[in-house]
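Novice: Got a file for you: run19.cif, mmCIF, C-alpha atoms and all ligand atoms.
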data_data
loop_
_atom_site.label_atom_id
_atom_site.label_comp_id
_atom_site.auth_asym_id
_atom_site.auth_seq_id
_atom_site.Cartn_x
_atom_site.Cartn_y
_atom_site.Cartn_z
CA MET D 27 29.04 11.80 -1.93
CA GLY D 28 29.72 8.10 -1.39
CA PRO D 29 32.36 5.39 -1.21
CA THR D 30 34.94 5.45 -4.02
CA HIS D 31 37.59 2.81 -4.76
CA GLY D 32 41.01 4.50 -5.09
CA ASN D 33 39.36 7.84 -4.31
CA THR D 34 38.70 8.39 -8.03
CA GLN D 35 35.43 10.22 -7.22
CA PRO D 36 33.92 9.30 -10.60
CA TRP D 37 30.58 11.08 -10.10
CA ARG D 38 29.75 14.02 -12.34
CA PHE D 39 26.56 16.03 -12.17
CA HIS D 40 24.84 18.40 -14.60
CA VAL D 41 22.08 20.20 -12.76
CA PHE D 42 19.30 21.56 -14.96
CA MET D 43 17.22 24.30 -13.36
CA GLU D 44 15.05 27.21 -14.49
CA ASP D 45 15.45 27.66 -18.28
CA GLY D 46 17.84 24.72 -18.26
CA LEU D 47 14.79 22.50 -17.72
CA THR D 48 13.39 23.66 -21.07
CA THR D 49 16.78 23.07 -22.70
CA LEU D 50 16.76 19.50 -21.34
CA SER D 51 13.13 18.89 -22.30
CA GLN D 52 13.78 20.03 -25.88
CA PHE D 53 16.96 17.97 -26.11
CA LEU D 54 15.19 14.82 -24.90
CA GLY D 55 12.25 15.24 -27.28
CA ARG D 56 14.47 16.04 -30.27
CA THR D 57 16.91 13.21 -29.55
CA TYR D 58 14.17 10.61 -29.01
CA LEU D 59 12.73 11.45 -32.43
CA GLN D 60 16.19 11.46 -34.06
CA LEU D 61 17.37 8.15 -32.62
CA THR D 62 14.19 6.07 -32.52
CA PRO D 63 13.16 4.42 -35.80
CA SER D 64 9.78 5.88 -36.80
CA GLU D 65 7.96 2.53 -36.50
CA GLN D 66 9.15 2.24 -32.88
CA GLN D 67 8.29 5.77 -31.83
CA ASN D 68 5.78 5.91 -29.02
CA ASP D 69 3.79 9.08 -28.31
CA ALA D 70 3.42 8.34 -24.60
CA LYS D 71 7.19 7.88 -24.18
CA LEU D 72 7.90 11.07 -26.11
CA ALA D 73 5.39 13.00 -24.01
CA LYS D 74 6.98 11.73 -20.78
CA LEU D 75 10.46 12.74 -21.92
CA ILE D 76 9.28 16.24 -22.77
CA ARG D 77 7.00 16.76 -19.76
CA ARG D 78 9.04 15.36 -16.89
CA PRO D 79 11.75 18.06 -16.82
CA LEU D 80 9.05 20.72 -16.98
CA LEU D 81 7.26 19.18 -13.97
CA SER D 82 10.50 19.09 -11.94
CA SER D 83 12.22 21.73 -9.84
CA ALA D 84 15.58 20.40 -10.99
CA VAL D 85 16.94 17.46 -12.96
CA ILE D 86 20.41 16.09 -12.37
CA ALA D 87 22.07 14.21 -15.20
CA VAL D 88 24.30 11.80 -13.29
CA SER D 89 27.40 10.49 -15.01
CA MET D 90 30.46 8.35 -14.43
CA LYS D 91 33.80 9.92 -15.37
CA ARG D 92 36.18 7.17 -16.43
CA GLN D 93 39.65 7.60 -14.99
CA ASP D 94 42.31 7.98 -17.74
CA GLU D 95 44.49 5.23 -16.23
CA GLU D 96 41.48 2.87 -15.92
CA LYS D 97 43.02 1.39 -12.76
CA ILE D 98 39.67 0.79 -11.13
CA MET D 99 37.19 -1.58 -12.78
CA GLU D 100 34.43 0.22 -14.61
CA ILE D 101 31.73 -1.60 -12.66
CA GLU D 102 33.16 -0.22 -9.42
CA GLU D 103 33.11 3.32 -10.78
CA ILE D 104 29.47 2.82 -11.73
CA GLU D 105 28.73 1.42 -8.28
CA ALA D 106 30.32 4.48 -6.67
CA VAL D 107 28.10 6.79 -8.73
CA ALA D 108 25.04 4.70 -7.80
CA CYS D 109 25.93 5.17 -4.12
CA ALA D 110 26.12 8.92 -4.68
CA VAL D 111 22.67 8.84 -6.30
CA GLN D 112 21.29 6.95 -3.32
CA ASN D 113 22.73 9.57 -0.97
CA ILE D 114 21.13 12.37 -3.00
CA HIS D 115 17.86 10.43 -2.90
CA LEU D 116 18.06 10.02 0.88
CA SER D 117 18.79 13.73 1.32
CA CYS D 118 15.79 14.61 -0.85
CA THR D 119 13.56 12.31 1.19
CA ALA D 120 14.80 13.83 4.45
CA TYR D 121 13.72 17.25 3.17
CA GLY D 122 10.35 15.98 1.93
CA ILE D 123 11.41 16.33 -1.69
CA GLY D 124 10.57 13.67 -4.28
CA GLY D 125 13.30 12.04 -6.35
CA PHE D 126 13.05 9.70 -9.31
CA TRP D 127 15.90 7.95 -11.13
CA SER D 128 15.10 7.44 -14.79
CA THR D 129 17.13 5.83 -17.55
CA PRO D 130 15.66 6.41 -21.00
CA LYS D 131 17.73 4.53 -23.59
CA LEU D 132 18.98 7.67 -25.24
CA ILE D 133 21.14 8.55 -22.21
CA TYR D 134 23.53 5.77 -23.27
CA THR D 135 24.26 7.32 -26.67
CA LYS D 136 27.04 9.51 -28.08
CA THR D 137 24.43 12.23 -28.62
CA MET D 138 23.93 12.36 -24.83
CA ASN D 139 27.68 12.35 -24.16
CA ASP D 140 28.10 15.23 -26.60
CA PHE D 141 25.20 17.14 -24.99
CA LEU D 142 26.86 16.79 -21.57
CA GLU D 143 30.36 17.28 -23.02
CA LEU D 144 31.46 13.92 -21.63
CA GLY D 145 34.42 11.94 -22.92
CA GLU D 146 34.10 8.80 -25.01
CA LYS D 147 34.65 6.49 -22.02
CA ASP D 148 32.41 8.40 -19.65
CA LYS D 149 28.81 7.28 -19.20
CA CYS D 150 25.63 9.05 -18.31
CA LEU D 151 23.87 6.76 -15.82
CA GLY D 152 20.58 8.49 -15.43
CA LEU D 153 18.40 11.50 -15.05
CA PHE D 154 17.47 12.19 -11.46
CA TYR D 155 14.24 14.18 -11.34
CA ILE D 156 13.69 16.29 -8.23
CA GLY D 157 10.53 18.09 -7.19
CA TYR D 158 7.65 18.41 -4.82
CA PRO D 159 5.28 15.48 -5.50
CA GLY D 160 1.79 16.33 -6.71
CA ILE D 161 0.53 13.19 -5.04
CA GLU D 162 0.39 12.09 -1.44
CA TRP D 163 3.70 10.80 -0.09
CA PRO D 164 3.61 6.97 -0.41
CA GLU D 165 3.40 5.06 2.88
CA ASN D 166 5.32 2.01 1.65
CA ALA D 167 7.95 1.50 -1.02
CA HIS D 168 6.64 -2.02 -1.72
CA ARG D 169 9.95 -3.84 -1.41
CA LYS D 170 10.12 -7.52 -0.50
CA PRO D 171 11.18 -8.20 3.11
CA ILE D 172 14.89 -8.79 3.67
CA GLU D 173 14.28 -12.50 4.43
CA TYR D 174 13.36 -12.93 0.77
CA ASN D 175 16.72 -11.90 -0.67
CA THR D 176 19.23 -12.56 2.11
CA LYS D 177 20.92 -15.75 3.21
CA TRP D 178 22.47 -15.79 6.67
CA ILE D 179 25.48 -18.09 7.13
CA ASN D 180 26.19 -18.80 10.79
CA LYS D 181 28.45 -21.79 10.62
C1 LIG U 201 19.44 2.34 -12.22
C2 LIG U 201 17.95 2.58 -12.18
C3 LIG U 201 17.29 2.99 -13.31
C4 LIG U 201 15.90 3.21 -13.33
N1 LIG U 201 15.28 3.61 -14.48
C5 LIG U 201 13.94 3.77 -14.50
C6 LIG U 201 13.27 4.20 -15.68
O1 LIG U 201 13.89 4.45 -16.71
N2 LIG U 201 11.93 4.31 -15.65
C7 LIG U 201 11.21 4.03 -14.53
O2 LIG U 201 9.98 4.14 -14.56
N3 LIG U 201 11.83 3.67 -13.38
C8 LIG U 201 13.16 3.53 -13.35
N4 LIG U 201 13.79 3.16 -12.19
C9 LIG U 201 12.96 2.91 -10.98
C10 LIG U 201 12.56 4.22 -10.27
O3 LIG U 201 13.66 5.08 -10.07
C11 LIG U 201 11.92 3.91 -8.91
O4 LIG U 201 12.84 3.24 -8.08
C12 LIG U 201 10.68 3.06 -9.07
O5 LIG U 201 9.74 3.78 -9.82
C13 LIG U 201 10.05 2.64 -7.73
O6 LIG U 201 9.66 3.76 -7.00
P1 LIG U 201 10.12 3.90 -5.47
O7 LIG U 201 11.64 3.82 -5.51
O8 LIG U 201 9.63 5.26 -5.05
O9 LIG U 201 9.49 2.77 -4.75
C14 LIG U 201 15.16 2.98 -12.15
C15 LIG U 201 15.84 2.59 -10.98
C16 LIG U 201 17.21 2.39 -10.99
C17 LIG U 201 17.91 1.95 -9.72
#
Just give me the structure of the file as structure tokens.

Specialist:
Amino acid sequence: MGPTHGNTQPWRFHVFMEDGLTTLSQFLGRTYLQLTPSEQQNDAKLAKLIRRPLLSSAVIAVSMKRQDEEKIMEIEEIEAVACAVQNIHLSCTAYGIGGFWSTPKLIYTKTMNDFLELGEKDKCLGLFYIGYPGIEWPENAHRKPIEYNTKWINK
């Protein structure tokens, strides 16, 4: 999956497929309405939350399982899970499958942890949407060149 400090392997995955995509879509819509104060509710956001799982072939809820002993720093456990996500993303790309990491605010709530049956110290880190893109595959990812964000120290 990826590098892991102390071999804790903190990544956990819930893969929603087939009717599970409807279960996820309904959960996201219901939870957004429950947890968002009515004056802040946004129809476009709600529609995205409901529609995206239904447009996907699979959605992986990606989570970090906190080790009971908490020997490894939490940030490192999160980093390990992020590496695993990147590897999944690279595999998808190699197969011509689209991937999209999304982090609606509600994933950081107890409601989400309960839905995924995660412990109190575990954290859902995102929804990774997988599917065949309905648009042409983008030529460029529009990232700044490495010179922009890297400093080389030679002496
Ligand atoms: C940790 C993390 C969380 C993200 N959350 C969101 C999100 O909630 N909504 C969103 O539109 N993009 C989010 N993104 C960005 C997209 O996953 C994606 O990288 C971005 O749309 C650029 O597309 P590209 O990677 O194909 O160039 C997130 C990226 C990361 C690394």

Novice: Write out as JSON, numbers by chain each polymer residue whose atoms come within 10 Å of D:Thr49, counting all atoms listed in the file; drop sequence neighbours fewer than 5 positions from it.

Specialist: {"D": [42, 43, 44, 54, 79, 80]}

Novice: Take the residues from that selection and put them in a file with C-alpha atoms, as a PDB file, keeping the file's coordinate frame.

Specialist:
ATOM      1  CA  PHE D  42      19.300  21.560 -14.960  1.00  0.00           C
ATOM      2  CA  MET D  43      17.220  24.300 -13.360  1.00  0.00           C
ATOM      3  CA  GLU D  44      15.050  27.210 -14.490  1.00  0.00           C
ATOM      4  CA  LEU D  54      15.190  14.820 -24.900  1.00  0.00           C
ATOM      5  CA  PRO D  79      11.750  18.060 -16.820  1.00  0.00           C
ATOM      6  CA  LEU D  80       9.050  20.720 -16.980  1.00  0.00           C
TER       7      LEU D  80
END

Novice: So which residues are near ligand LIG 201 (chain U), meaning at most 7 Å away with only C-alpha atoms and all ligand atoms counted, given back as a list in words?

Specialist: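 Listing the residues within 7 Å of ligand LIG 201 (chain U) gives Phe126, Trp127, Ser128, Thr129, Pro130, Gly152, Ala167 and His168 of chain D.
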
Novice: Using only C-alpha atoms, can you tell me which of D:Met90, D:Gln112, D:Ile179, D:Cys118 comes closest to D:Glu146?

Specialist: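 Smallest distance to D:Glu146 is found for D:Met90.
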
Novice: Quick one, how far is atom CA of D:Lys91 from atom CA of D:Leu144?

Specialist: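 Atom CA of D:Lys91 sits 7.8 Å away from atom CA of D:Leu144.
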
Novice: Under the rule that only C-alpha atoms are counted, which of D:Pro36, D:Gly46, D:Gly125, D:Pro29 is the nearest residue to D:Ile104?

Specialist: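 Nearest to D:Ile104: D:Pro36.
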
Novice: Just to confirm, what's the straight-line distance from atom CA of D:Thr30 to atom CA of D:Val107 in Å (one decimal)?

Specialist: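 Distance between the two atoms: 8.4 Å.
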
Novice: Nearest to D:Leu151: which of D:Asn113, D:Asn175, D:Asn166, D:Asn139 is it, counting all atoms listed in the file?

Specialist: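 Between D:Asn113, D:Asn175, D:Asn166, D:Asn139, the residue approaching D:Leu151 most closely is D:Asn139.
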
Novice: So how far away is atom CA of D:Val111 from atom CA of D:Gly160, in Å?

Specialist: 22.2 Å

Novice: Please identify all polymer residues lying at most 9 Å from the point (24.6, 11.4, -35.4) (file coordinates), using all atoms listed in the file, and present the result as a VMD selection string.

Specialist: chain D and resid 60 to 61 136 to 137

Novice: Using all atoms listed in the file, find the one residue out of D:Ile101, D:Cys109, D:Ser82, D:Leu142 that sits nearest to D:Ile123.

Specialist: D:Ser82

Novice: Check the smallest atom-to-atom distance from each of D:Leu72, D:Arg77, D:Tyr134, D:Ile156 to D:Arg56 using only C-alpha atoms, then report the winner.

Specialist: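 Closest to D:Arg56, using only C-alpha atoms: D:Leu72.
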
Novice: When you count only C-alpha atoms, which of these residues is closest to D:Gln52: D:Ile172, D:Ile114, D:Ala70, D:Ile76?

Specialist: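 Selected residue with least distance to D:Gln52: D:Ile76.
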
Novice: When you look at D:Lys97 with a cut-off of 10 Å (counting only C-alpha atoms), what residues show up, excluding the ones that are within fewer than 3 positions of it in the same chain? I need them as a list of chain:residue names.

Specialist: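 Everything that qualifies: D:His31, D:Gly32, D:Thr34, D:Arg92, D:Gln93, D:Asp94, D:Glu100.
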